[in-house]
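**Student:** File run-v2.cif follows (mmCIF, C-alpha atoms (C1' of nucleotides)):
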data_my_file
loop_
_atom_site.label_atom_id
_atom_site.label_comp_id
_atom_site.auth_asym_id
_atom_site.auth_seq_id
_atom_site.Cartn_x
_atom_site.Cartn_y
_atom_site.Cartn_z
CA MET A 1 -11.51 -2.67 -16.54
CA LYS A 2 -8.36 -3.80 -14.74
CA ILE A 3 -7.61 -1.91 -11.52
CA ALA A 4 -4.40 -2.42 -9.53
CA SER A 5 -2.58 -1.21 -6.44
CA TRP A 6 1.14 -1.18 -5.73
CA ASN A 7 3.20 0.22 -2.89
CA VAL A 8 6.37 1.02 -4.87
CA ASN A 9 8.50 2.20 -1.91
CA SER A 10 10.05 5.14 -3.81
CA LEU A 11 8.83 5.79 -7.35
CA ASN A 12 12.22 7.33 -8.07
CA VAL A 13 13.93 3.97 -7.56
CA ARG A 14 11.04 1.85 -8.88
CA LEU A 15 10.12 3.77 -12.06
CA PRO A 16 11.76 1.15 -14.34
CA HIS A 17 9.85 -1.61 -12.52
CA LEU A 18 6.60 0.31 -12.82
CA GLN A 19 7.11 0.86 -16.53
CA GLU A 20 7.98 -2.78 -17.12
CA TRP A 21 4.98 -3.93 -15.12
CA LEU A 22 2.60 -1.53 -16.93
CA ARG A 23 3.74 -3.06 -20.22
CA ALA A 24 3.29 -6.61 -18.94
CA ALA A 25 0.07 -6.25 -16.94
CA ALA A 26 -1.64 -3.50 -18.97
CA PRO A 27 -3.90 -2.22 -16.17
CA ASP A 28 -6.45 0.53 -16.88
CA VAL A 29 -6.02 2.11 -13.45
CA VAL A 30 -3.14 1.84 -10.95
CA ALA A 31 -3.04 3.22 -7.43
CA LEU A 32 0.49 3.83 -6.14
CA GLN A 33 1.64 4.32 -2.55
CA GLU A 34 4.91 5.49 -1.03
CA THR A 35 5.97 7.42 -4.09
CA LYS A 36 8.18 9.54 -1.79
CA LEU A 37 8.25 12.34 -4.37
CA GLU A 38 7.36 16.00 -4.27
CA ASP A 39 4.76 16.82 -6.92
CA SER A 40 7.30 18.80 -8.95
CA LYS A 41 9.38 15.62 -9.34
CA PHE A 42 6.57 13.24 -10.34
CA PRO A 43 7.48 11.47 -13.64
CA ASP A 44 4.15 12.29 -15.31
CA THR A 45 5.72 13.10 -18.69
CA VAL A 46 7.46 9.72 -18.94
CA LEU A 47 4.30 7.88 -17.90
CA ALA A 48 2.20 9.89 -20.39
CA GLU A 49 4.51 8.67 -23.17
CA GLN A 50 3.48 5.17 -22.10
CA GLY A 51 -0.22 6.04 -22.29
CA TYR A 52 -0.96 6.76 -18.62
CA ARG A 53 -2.22 10.01 -17.17
CA SER A 54 -1.21 10.77 -13.59
CA VAL A 55 -2.78 12.53 -10.65
CA PHE A 56 -0.66 12.64 -7.51
CA CYS A 57 -0.31 13.96 -4.04
CA GLY A 58 3.20 13.74 -2.73
CA GLN A 59 5.80 15.01 -0.31
CA LYS A 60 9.54 14.70 0.22
CA THR A 61 11.01 11.49 1.74
CA TYR A 62 7.84 9.86 3.07
CA ASN A 63 4.35 8.77 1.96
CA GLY A 64 2.97 10.05 -1.36
CA VAL A 65 0.14 8.56 -3.42
CA ALA A 66 -0.88 8.64 -7.08
CA ILE A 67 -3.47 7.30 -9.49
CA LEU A 68 -2.44 6.42 -13.04
CA SER A 69 -5.13 5.83 -15.64
CA ARG A 70 -5.55 5.38 -19.37
CA GLU A 71 -8.73 7.48 -19.29
CA ALA A 72 -8.76 10.93 -17.74
CA ALA A 73 -9.37 11.11 -14.00
CA THR A 74 -11.92 13.63 -12.72
CA GLU A 75 -13.11 14.90 -9.31
CA VAL A 76 -9.62 14.51 -7.86
CA ILE A 77 -9.28 14.91 -4.08
CA CYS A 78 -6.16 14.79 -1.91
CA ASP A 79 -6.32 14.09 1.83
CA ILE A 80 -9.29 13.19 4.04
CA PRO A 81 -11.72 16.14 4.07
CA GLY A 82 -11.88 17.74 7.50
CA PHE A 83 -9.04 15.69 8.97
CA GLU A 84 -5.88 17.57 9.86
CA ASP A 85 -2.94 15.56 8.50
CA HIS A 86 0.43 16.61 7.08
CA GLN A 87 1.13 13.15 5.67
CA LYS A 88 0.16 12.58 2.04
CA ARG A 89 -1.69 9.27 2.24
CA VAL A 90 -4.92 9.72 0.29
CA ILE A 91 -5.93 10.49 -3.27
CA ALA A 92 -9.34 9.89 -4.84
CA ALA A 93 -10.51 10.26 -8.43
CA THR A 94 -13.26 9.10 -10.75
CA VAL A 95 -12.24 7.05 -13.80
CA GLY A 96 -14.66 5.53 -16.29
CA GLY A 97 -17.60 5.98 -13.96
CA VAL A 98 -15.85 4.25 -11.04
CA ARG A 99 -14.81 6.17 -7.93
CA ILE A 100 -11.25 5.17 -7.00
CA ILE A 101 -10.02 5.83 -3.46
CA ASN A 102 -6.33 5.16 -2.95
CA LEU A 103 -5.17 4.78 0.66
CA TYR A 104 -1.74 4.47 2.18
CA VAL A 105 -2.89 3.49 5.66
CA VAL A 106 -0.66 4.46 8.59
CA ASN A 107 1.71 1.63 9.58
CA GLY A 108 1.42 2.23 13.32
CA GLN A 109 4.91 0.98 14.27
CA ALA A 110 3.89 -0.94 17.42
CA VAL A 111 0.71 -1.52 19.43
CA GLY A 112 0.25 1.11 22.15
CA THR A 113 2.49 3.77 20.61
CA GLU A 114 1.51 7.26 19.53
CA LYS A 115 1.74 6.15 15.90
CA TYR A 116 -0.65 3.28 16.64
CA ASP A 117 -3.19 5.73 18.08
CA TYR A 118 -2.75 7.90 15.00
CA LYS A 119 -3.41 4.82 12.83
CA LEU A 120 -6.72 4.09 14.56
CA ARG A 121 -7.78 7.76 14.50
CA TRP A 122 -6.83 7.97 10.84
CA ILE A 123 -8.90 4.92 9.90
CA ASP A 124 -11.81 6.32 11.87
CA ALA A 125 -11.61 9.53 9.83
CA VAL A 126 -11.48 7.47 6.62
CA HIS A 127 -14.60 5.61 7.79
CA GLY A 128 -16.64 8.79 8.11
CA TRP A 129 -15.45 10.10 4.77
CA LEU A 130 -16.10 6.80 2.94
CA ALA A 131 -19.69 6.78 4.18
CA ASP A 132 -20.18 10.11 2.37
CA GLU A 133 -18.27 8.98 -0.74
CA LEU A 134 -20.40 5.83 -1.01
CA ARG A 135 -23.59 7.87 -1.00
CA ALA A 136 -22.25 10.13 -3.76
CA HIS A 137 -20.56 7.31 -5.73
CA PRO A 138 -22.17 3.87 -5.34
CA GLN A 139 -19.65 2.41 -7.80
CA LEU A 140 -16.65 2.66 -5.50
CA VAL A 141 -13.28 0.94 -5.19
CA VAL A 142 -11.13 1.50 -2.09
CA LEU A 143 -7.66 0.11 -2.56
CA GLY A 144 -4.12 0.47 -1.37
CA ASP A 145 -1.69 -0.51 1.34
CA PHE A 146 -3.99 -1.11 4.32
CA ASN A 147 -1.19 -2.16 6.68
CA ILE A 148 -3.65 -4.67 8.18
CA ALA A 149 -3.84 -8.39 7.39
CA PRO A 150 -7.59 -9.22 7.49
CA ASP A 151 -7.39 -12.71 9.03
CA ASP A 152 -5.08 -15.62 9.81
CA ARG A 153 -5.11 -16.88 6.21
CA ASP A 154 -3.35 -13.64 5.34
CA VAL A 155 -0.26 -14.17 7.50
CA HIS A 156 2.54 -16.74 7.27
CA ASP A 157 2.45 -17.48 11.00
CA PRO A 158 -0.58 -16.58 13.17
CA LEU A 159 1.49 -17.21 16.31
CA ILE A 160 3.82 -14.35 15.39
CA TRP A 161 1.15 -12.18 13.82
CA ASN A 162 -1.38 -12.35 16.65
CA ASP A 163 -3.92 -10.17 18.51
CA ASP A 164 -1.14 -8.08 20.03
CA SER A 165 1.03 -7.57 16.94
CA ILE A 166 1.10 -4.52 14.74
CA LEU A 167 -0.72 -5.17 11.41
CA THR A 168 -2.87 -7.92 12.98
CA SER A 169 -3.97 -6.57 16.37
CA THR A 170 -7.56 -6.86 17.53
CA ALA A 171 -8.25 -3.13 17.25
CA GLU A 172 -6.74 -2.86 13.76
CA ARG A 173 -8.73 -5.81 12.44
CA ALA A 174 -11.87 -4.40 14.06
CA ALA A 175 -11.22 -1.05 12.36
CA LEU A 176 -10.87 -2.80 9.00
CA ARG A 177 -14.06 -4.79 9.55
CA ARG A 178 -15.84 -1.54 10.42
CA LEU A 179 -14.74 -0.06 7.08
CA GLN A 180 -15.96 -3.19 5.32
CA SER A 181 -19.30 -3.01 7.13
CA LEU A 182 -20.03 0.08 5.01
CA GLY A 183 -20.54 -2.49 2.25
CA LEU A 184 -16.98 -2.85 1.00
CA HIS A 185 -15.92 -6.35 -0.01
CA ASP A 186 -12.39 -7.73 -0.12
CA SER A 187 -12.37 -8.64 -3.81
CA TYR A 188 -9.62 -11.26 -3.42
CA ARG A 189 -11.83 -13.10 -0.91
CA LEU A 190 -14.85 -12.95 -3.22
CA LEU A 191 -13.01 -15.34 -5.52
CA HIS A 192 -10.32 -17.10 -3.43
CA THR A 193 -10.40 -18.72 0.00
CA ASP A 194 -6.82 -19.98 0.10
CA GLY A 195 -4.30 -18.81 2.66
CA GLY A 196 -0.62 -18.13 2.15
CA GLN A 197 -1.13 -15.58 -0.64
CA PHE A 198 0.86 -12.52 0.32
CA SER A 199 1.46 -9.02 -1.07
CA TRP A 200 4.30 -7.89 1.24
CA TRP A 201 7.45 -9.52 2.55
CA ASP A 202 9.92 -7.85 4.92
CA TYR A 203 13.24 -7.02 3.31
CA ARG A 204 14.90 -8.37 6.44
CA ALA A 205 15.65 -12.00 7.26
CA ALA A 206 15.17 -13.14 3.63
CA GLY A 207 11.43 -12.70 4.04
CA PHE A 208 10.54 -13.27 0.42
CA ARG A 209 12.76 -16.30 -0.14
CA ARG A 210 11.20 -17.95 2.92
CA ASN A 211 7.70 -16.65 2.00
CA LEU A 212 7.36 -14.91 5.36
CA GLY A 213 4.69 -12.56 4.06
CA LEU A 214 1.40 -10.85 4.80
CA ARG A 215 -1.54 -9.90 2.60
CA ILE A 216 -1.96 -6.24 3.53
CA ASP A 217 -2.59 -4.72 0.08
CA LEU A 218 -6.31 -4.89 -0.61
CA VAL A 219 -8.88 -3.95 -3.23
CA LEU A 220 -12.28 -3.37 -1.64
CA VAL A 221 -15.34 -3.00 -3.87
CA SER A 222 -18.75 -1.55 -3.08
CA GLU A 223 -21.96 -3.57 -3.17
CA ALA A 224 -22.81 -2.11 -6.59
CA LEU A 225 -19.52 -3.43 -8.05
CA ARG A 226 -19.44 -6.76 -6.23
CA GLY A 227 -21.03 -8.71 -9.06
CA ARG A 228 -18.64 -7.22 -11.63
CA VAL A 229 -15.45 -8.64 -10.08
CA VAL A 230 -14.54 -11.37 -12.59
CA ALA A 231 -10.92 -11.86 -11.48
CA ALA A 232 -8.65 -10.88 -8.61
CA GLY A 233 -4.99 -11.63 -8.09
CA ILE A 234 -1.60 -10.90 -6.65
CA ASP A 235 1.29 -10.55 -9.07
CA ARG A 236 4.41 -11.91 -7.34
CA GLU A 237 6.62 -11.48 -10.38
CA PRO A 238 7.98 -7.95 -9.68
CA ARG A 239 9.15 -9.10 -6.23
CA LEU A 240 11.65 -11.34 -8.06
CA TRP A 241 13.17 -8.48 -10.04
CA ASP A 242 16.42 -6.78 -9.17
CA ARG A 243 16.06 -4.22 -6.34
CA PRO A 244 12.33 -4.79 -5.77
CA SER A 245 9.76 -2.99 -3.65
CA ASP A 246 8.87 -4.91 -0.51
CA HIS A 247 5.27 -4.97 -1.84
CA THR A 248 4.01 -6.55 -5.05
CA PRO A 249 1.04 -5.46 -7.21
CA VAL A 250 -2.50 -6.63 -6.47
CA TRP A 251 -5.30 -6.27 -9.03
CA ILE A 252 -8.89 -6.95 -10.00
CA GLU A 253 -10.74 -7.18 -13.28
CA LEU A 254 -14.20 -5.60 -13.45
CA GLY A 255 -16.47 -7.00 -16.14
CA ALA A 256 -19.26 -5.13 -17.90
"C1'" DA B 1 27.96 -11.21 13.60
"C1'" DT B 2 24.47 -9.21 19.98
"C1'" DG B 3 18.13 -8.22 14.28
"C1'" DG B 4 18.06 -8.66 9.88
"C1'" DT B 5 17.31 -4.69 4.77
"C1'" DA B 6 15.88 -0.77 2.13
"C1'" DG B 7 14.94 4.32 1.10
"C1'" DT B 8 15.95 8.99 2.04
"C1'" DC B 9 19.67 11.46 2.95
"C1'" DT B 10 24.79 11.43 5.45
"C1'" DA B 11 22.06 10.90 11.21
"C1'" DA B 12 18.19 9.07 12.10
"C1'" DC B 13 13.81 8.03 10.94
"C1'" DT B 14 10.30 5.05 8.79
"C1'" DA B 15 8.86 0.79 7.27
#
Spell out the structure here as structure tokens.
**Tutor:**
Amino acid sequence: MKIASWNVNSLNVRLPHLQEWLRAAAPDVVALQETKLEDSKFPDTVLAEQGYRSVFCGQKTYNGVAILSREAATEVICDIPGFEDHQKRVIAATVGGVRIINLYVVNGQAVGTEKYDYKLRWIDAVHGWLADELRAHPQLVVLGDFNIAPDDRDVHDPLIWNDDSILTSTAERAALRRLQSLGLHDSYRLLHTDGGQFSWWDYRAAGFRRNLGLRIDLVLVSEALRGRVVAAGIDREPRLWDRPSDHTPVWIELGA
DNA sequence: ATGGTAGTCTAACTA
């Protein structure tokens, strides 16, 4: 079972890329972030023609998440239960016996801002909810755009991306570690220890050409799934295509 | 070239 995550930065613009990538990569499940589409405009008919069912939770202009799957998704939930939030950043569903939790984590803009506080509060709410989800669904995958680079191997320059920078600050990394302490393992790190493997590059300053990236798109797996991760990777190819998203797909393969 | 680019939407916000 191949499970992937991709922040498409507007599904309206990126639909051709998504379709091309689905053909090439043939994932069983894909979590999308930043669809930026109201539910009435989601291209579920087109995707169904390609063999993927869609569940989605969107809004105009910002945010928006979706899960595409070859098999039907059940037990679909939007938003974090009990957490007041107008931003559509969460969708969860069960596919083929695996609980899939798709997160578009708050960016946070800059350390010390209101948005940064919202980011930390938001992750704290996710933490409480995931503890419940893990009890109900031991076979759990939490994936998406985490907007946090776990450690210095995951940034192009640790002097720039330091303890005081957004996406790498001490409190953000501590919040991520706290999520992982629920028993959620960074599947890329189960199989690879190399640095310099990124999933996002800023559009500005020729970030991709100069490989000025971060690894902020993650696939976390529960203890029960840990031993089933037979492959994990980052697919840089779509970042080379014309008019790309600033993120590229990340994926894992779960064996039997 | 006084920060660069992209998306949404046409001013300014978010990333």
**Student:** Using the chain letters and residue numbers of this document, give as a VMD selection string the residues selected by the PyMOL selection byres ((chain B and resi 7-12) around 6).
**Tutor:** (chain A and resid 61) or (chain B and resid 6 13)
**Student:** Using the chain letters and numbers from this file, what does the PyMOL selection byres ((chain A and resi 69) around 9) select? Give the answer as a PyMOL selection string.
**Tutor:** chain A and resi 27-31+51-55+67-68+70-73+95
**Student:** With C-alpha atoms retained, could you export that selection as a tab-separated table (two decimals), in the frame of the given file?
**Tutor:**
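Saved the output as again12.tsv:
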chain	number	residue	atom	x	y	z
A	27	PRO	CA	-3.90	-2.22	-16.17
A	28	ASP	CA	-6.45	0.53	-16.88
A	29	VAL	CA	-6.02	2.11	-13.45
A	30	VAL	CA	-3.14	1.84	-10.95
A	31	ALA	CA	-3.04	3.22	-7.43
A	51	GLY	CA	-0.22	6.04	-22.29
A	52	TYR	CA	-0.96	6.76	-18.62
A	53	ARG	CA	-2.22	10.01	-17.17
A	54	SER	CA	-1.21	10.77	-13.59
A	55	VAL	CA	-2.78	12.53	-10.65
A	67	ILE	CA	-3.47	7.30	-9.49
A	68	LEU	CA	-2.44	6.42	-13.04
A	70	ARG	CA	-5.55	5.38	-19.37
A	71	GLU	CA	-8.73	7.48	-19.29
A	72	ALA	CA	-8.76	10.93	-17.74
A	73	ALA	CA	-9.37	11.11	-14.00
A	95	VAL	CA	-12.24	7.05	-13.80
**Student:** For DT5 in chain B, please output as a PyMOL selection string all residues within 9 Å (counting all atoms listed in the file; exclusion window: fewer than 5 positions along the same chain).
**Tutor:** chain A and resi 202-206
**Student:** Those residues with C-alpha atoms, as an mmCIF file, keeping the file's coordinate frame please?
**Tutor:**
data_model
loop_
_atom_site.group_PDB
_atom_site.id
_atom_site.type_symbol
_atom_site.label_atom_id
_atom_site.label_comp_id
_atom_site.auth_asym_id
_atom_site.auth_seq_id
_atom_site.Cartn_x
_atom_site.Cartn_y
_atom_site.Cartn_z
ATOM 1 C CA ASP A 202 9.920 -7.850 4.920
ATOM 2 C CA TYR A 203 13.240 -7.020 3.310
ATOM 3 C CA ARG A 204 14.900 -8.370 6.440
ATOM 4 C CA ALA A 205 15.650 -12.000 7.260
ATOM 5 C CA ALA A 206 15.170 -13.140 3.630
#
**Student:** Using all atoms listed in the file, which of the listed residues (A:Leu47, A:Val106, A:Ala66, A:Ile234) sits closest to chain B?
**Tutor:**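 Looking at the shortest contact to chain B, the residue is A:Val106.
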**Student:** Using only C-alpha atoms for the distances, tell me which of A:Ser5, A:Gln19, A:Gln139, A:Thr35 is nearest to Asn102 in chain A.
**Tutor:** A:Ser5
**Student:** Can you turn the PyMOL selection byres ((chain A and resi 152-158) around 8) into a concrete residue list for this file, as an mmCIF file with C-alpha atoms, in the frame of the given file?
**Tutor:**
data_model
loop_
_atom_site.group_PDB
_atom_site.id
_atom_site.type_symbol
_atom_site.label_atom_id
_atom_site.label_comp_id
_atom_site.auth_asym_id
_atom_site.auth_seq_id
_atom_site.Cartn_x
_atom_site.Cartn_y
_atom_site.Cartn_z
ATOM 1 C CA ALA A 149 -3.840 -8.390 7.390
ATOM 2 C CA PRO A 150 -7.590 -9.220 7.490
ATOM 3 C CA ASP A 151 -7.390 -12.710 9.030
ATOM 4 C CA LEU A 159 1.490 -17.210 16.310
ATOM 5 C CA ILE A 160 3.820 -14.350 15.390
ATOM 6 C CA TRP A 161 1.150 -12.180 13.820
ATOM 7 C CA ASN A 162 -1.380 -12.350 16.650
ATOM 8 C CA ASP A 194 -6.820 -19.980 0.100
ATOM 9 C CA GLY A 195 -4.300 -18.810 2.660
ATOM 10 C CA GLY A 196 -0.620 -18.130 2.150
ATOM 11 C CA GLN A 197 -1.130 -15.580 -0.640
ATOM 12 C CA PHE A 198 0.860 -12.520 0.320
ATOM 13 C CA ASN A 211 7.700 -16.650 2.000
ATOM 14 C CA LEU A 212 7.360 -14.910 5.360
ATOM 15 C CA GLY A 213 4.690 -12.560 4.060
ATOM 16 C CA LEU A 214 1.400 -10.850 4.800
ATOM 17 C CA ARG A 215 -1.540 -9.900 2.600
ATOM 18 C CA ILE A 216 -1.960 -6.240 3.530
#
**Student:** Output as a list in words the set of chain A residues within 10 Å of chain B, with distances taken over all atoms listed in the file.
**Tutor:**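 Putting it all together, I get Asn9, Ser10, Val13, Lys36, Lys60, Thr61, Tyr62, Asn63, Asn107, Gly108, Gln109, Asp202, Tyr203, Arg204, Ala205, Ala206, Gly207, Arg243, Pro244, Ser245 and Asp246 of chain A.
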**Student:** Suppose you want the space between CA of Thr168 in chain A and CA of Ile80 in chain A; what is it in Å?
**Tutor:**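 Between these atoms lies a distance of 23.8 Å.
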**Student:** How many Å lie between CA of Phe56 in chain A and CA of Arg23 in chain A, rounded to one decimal?
**Tutor:**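 Atom-to-atom, CA of Phe56 in chain A to CA of Arg23 in chain A, that is 20.7 Å.
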**Student:** So what do you get for CA of Glu172 in chain A versus CA of Ile148 in chain A, distance-wise?
**Tutor:**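 Calculated distance between CA of Glu172 in chain A and CA of Ile148 in chain A is 6.6 Å.
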**Student:** List the neighbours of Leu103 in chain A out to 9 Å using only C-alpha atoms (C1' of nucleotides); skip same-chain residues closer than 2 positions along the sequence, and give me the result as a PDB file with C-alpha atoms, keeping the file's coordinate frame.
**Tutor:**
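Final output, saved to out26.pdb:
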ATOM      1  CA  ALA A  31      -3.040   3.220  -7.430  1.00  0.00           C
ATOM      2  CA  LEU A  32       0.490   3.830  -6.140  1.00  0.00           C
ATOM      3  CA  GLN A  33       1.640   4.320  -2.550  1.00  0.00           C
ATOM      4  CA  VAL A  65       0.140   8.560  -3.420  1.00  0.00           C
ATOM      5  CA  ARG A  89      -1.690   9.270   2.240  1.00  0.00           C
ATOM      6  CA  VAL A  90      -4.920   9.720   0.290  1.00  0.00           C
ATOM      7  CA  ILE A  91      -5.930  10.490  -3.270  1.00  0.00           C
ATOM      8  CA  ALA A  92      -9.340   9.890  -4.840  1.00  0.00           C
ATOM      9  CA  ILE A 101     -10.020   5.830  -3.460  1.00  0.00           C
ATOM     10  CA  VAL A 105      -2.890   3.490   5.660  1.00  0.00           C
ATOM     11  CA  VAL A 142     -11.130   1.500  -2.090  1.00  0.00           C
ATOM     12  CA  LEU A 143      -7.660   0.110  -2.560  1.00  0.00           C
ATOM     13  CA  GLY A 144      -4.120   0.470  -1.370  1.00  0.00           C
ATOM     14  CA  ASP A 145      -1.690  -0.510   1.340  1.00  0.00           C
ATOM     15  CA  PHE A 146      -3.990  -1.110   4.320  1.00  0.00           C
TER      16      PHE A 146
END
**Student:** Which residues come within 6 Å of Gly58 in chain A, counting all atoms listed in the file, excluding same-chain residues fewer than 3 positions away, as a list in words?
**Tutor:**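 Non-adjacent residues within range: Leu37, Glu38, Asp39, Gly64 and Lys88 of chain A.
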**Student:** Add whatever atoms are absent from range 191-213 of chain A to reach N, CA and C atoms, and provide the output as a PDB file, in the frame of the given file.
**Tutor:**
ATOM      1  N   LEU A 191     -13.331 -14.304  -4.524  1.00  0.00           N
ATOM      2  CA  LEU A 191     -13.010 -15.340  -5.520  1.00  0.00           C
ATOM      3  C   LEU A 191     -12.045 -16.404  -5.020  1.00  0.00           C
ATOM      4  N   HIS A 192     -11.326 -16.149  -3.915  1.00  0.00           N
ATOM      5  CA  HIS A 192     -10.320 -17.100  -3.430  1.00  0.00           C
ATOM      6  C   HIS A 192     -10.456 -17.272  -1.916  1.00  0.00           C
ATOM      7  N   THR A 193     -10.355 -18.500  -1.452  1.00  0.00           N
ATOM      8  CA  THR A 193     -10.400 -18.720   0.000  1.00  0.00           C
ATOM      9  C   THR A 193      -9.071 -19.239   0.545  1.00  0.00           C
ATOM     10  N   ASP A 194      -8.096 -19.401  -0.319  1.00  0.00           N
ATOM     11  CA  ASP A 194      -6.820 -19.980   0.100  1.00  0.00           C
ATOM     12  C   ASP A 194      -6.017 -19.018   0.977  1.00  0.00           C
ATOM     13  N   GLY A 195      -5.227 -19.600   1.872  1.00  0.00           N
ATOM     14  CA  GLY A 195      -4.300 -18.810   2.660  1.00  0.00           C
ATOM     15  C   GLY A 195      -2.922 -18.810   2.013  1.00  0.00           C
ATOM     16  N   GLY A 196      -1.999 -18.103   2.641  1.00  0.00           N
ATOM     17  CA  GLY A 196      -0.620 -18.130   2.150  1.00  0.00           C
ATOM     18  C   GLY A 196      -0.374 -17.332   0.880  1.00  0.00           C
ATOM     19  N   GLN A 197      -1.305 -16.440   0.540  1.00  0.00           N
ATOM     20  CA  GLN A 197      -1.130 -15.580  -0.640  1.00  0.00           C
ATOM     21  C   GLN A 197      -0.824 -14.171  -0.153  1.00  0.00           C
ATOM     22  N   PHE A 198       0.418 -13.758  -0.305  1.00  0.00           N
ATOM     23  CA  PHE A 198       0.860 -12.520   0.320  1.00  0.00           C
ATOM     24  C   PHE A 198       1.177 -11.429  -0.687  1.00  0.00           C
ATOM     25  N   SER A 199       1.145 -10.168  -0.205  1.00  0.00           N
ATOM     26  CA  SER A 199       1.460  -9.020  -1.070  1.00  0.00           C
ATOM     27  C   SER A 199       2.668  -8.244  -0.555  1.00  0.00           C
ATOM     28  N   TRP A 200       3.149  -8.597   0.651  1.00  0.00           N
ATOM     29  CA  TRP A 200       4.300  -7.890   1.240  1.00  0.00           C
ATOM     30  C   TRP A 200       5.183  -8.889   1.987  1.00  0.00           C
ATOM     31  N   TRP A 201       6.466  -8.712   1.823  1.00  0.00           N
ATOM     32  CA  TRP A 201       7.450  -9.520   2.550  1.00  0.00           C
ATOM     33  C   TRP A 201       8.526  -8.564   3.048  1.00  0.00           C
ATOM     34  N   ASP A 202       8.877  -8.689   4.317  1.00  0.00           N
ATOM     35  CA  ASP A 202       9.920  -7.850   4.920  1.00  0.00           C
ATOM     36  C   ASP A 202      11.232  -8.048   4.168  1.00  0.00           C
ATOM     37  N   TYR A 203      11.917  -6.929   3.947  1.00  0.00           N
ATOM     38  CA  TYR A 203      13.240  -7.020   3.310  1.00  0.00           C
ATOM     39  C   TYR A 203      14.207  -7.817   4.190  1.00  0.00           C
ATOM     40  N   ARG A 204      13.956  -7.771   5.507  1.00  0.00           N
ATOM     41  CA  ARG A 204      14.900  -8.370   6.440  1.00  0.00           C
ATOM     42  C   ARG A 204      14.694  -9.879   6.556  1.00  0.00           C
ATOM     43  N   ALA A 205      15.732 -10.562   6.973  1.00  0.00           N
ATOM     44  CA  ALA A 205      15.650 -12.000   7.260  1.00  0.00           C
ATOM     45  C   ALA A 205      15.172 -12.824   6.069  1.00  0.00           C
ATOM     46  N   ALA A 206      15.522 -12.380   4.852  1.00  0.00           N
ATOM     47  CA  ALA A 206      15.170 -13.140   3.630  1.00  0.00           C
ATOM     48  C   ALA A 206      13.680 -13.483   3.601  1.00  0.00           C
ATOM     49  N   GLY A 207      12.869 -12.498   3.935  1.00  0.00           N
ATOM     50  CA  GLY A 207      11.430 -12.700   4.040  1.00  0.00           C
ATOM     51  C   GLY A 207      10.781 -13.272   2.789  1.00  0.00           C
ATOM     52  N   PHE A 208      11.170 -12.796   1.655  1.00  0.00           N
ATOM     53  CA  PHE A 208      10.540 -13.270   0.420  1.00  0.00           C
ATOM     54  C   PHE A 208      10.961 -14.697   0.086  1.00  0.00           C
ATOM     55  N   ARG A 209      12.250 -14.954   0.167  1.00  0.00           N
ATOM     56  CA  ARG A 209      12.760 -16.300  -0.140  1.00  0.00           C
ATOM     57  C   ARG A 209      12.087 -17.364   0.724  1.00  0.00           C
ATOM     58  N   ARG A 210      11.828 -17.011   1.981  1.00  0.00           N
ATOM     59  CA  ARG A 210      11.200 -17.950   2.920  1.00  0.00           C
ATOM     60  C   ARG A 210       9.674 -17.812   2.948  1.00  0.00           C
ATOM     61  N   ASN A 211       9.143 -16.939   2.088  1.00  0.00           N
ATOM     62  CA  ASN A 211       7.700 -16.650   2.000  1.00  0.00           C
ATOM     63  C   ASN A 211       7.108 -16.246   3.353  1.00  0.00           C
ATOM     64  N   LEU A 212       7.854 -15.433   4.080  1.00  0.00           N
ATOM     65  CA  LEU A 212       7.360 -14.910   5.360  1.00  0.00           C
ATOM     66  C   LEU A 212       6.601 -13.613   5.092  1.00  0.00           C
ATOM     67  N   GLY A 213       5.410 -13.748   4.520  1.00  0.00           N
ATOM     68  CA  GLY A 213       4.690 -12.560   4.060  1.00  0.00           C
ATOM     69  C   GLY A 213       3.380 -12.313   4.762  1.00  0.00           C
TER      70      GLY A 213
END
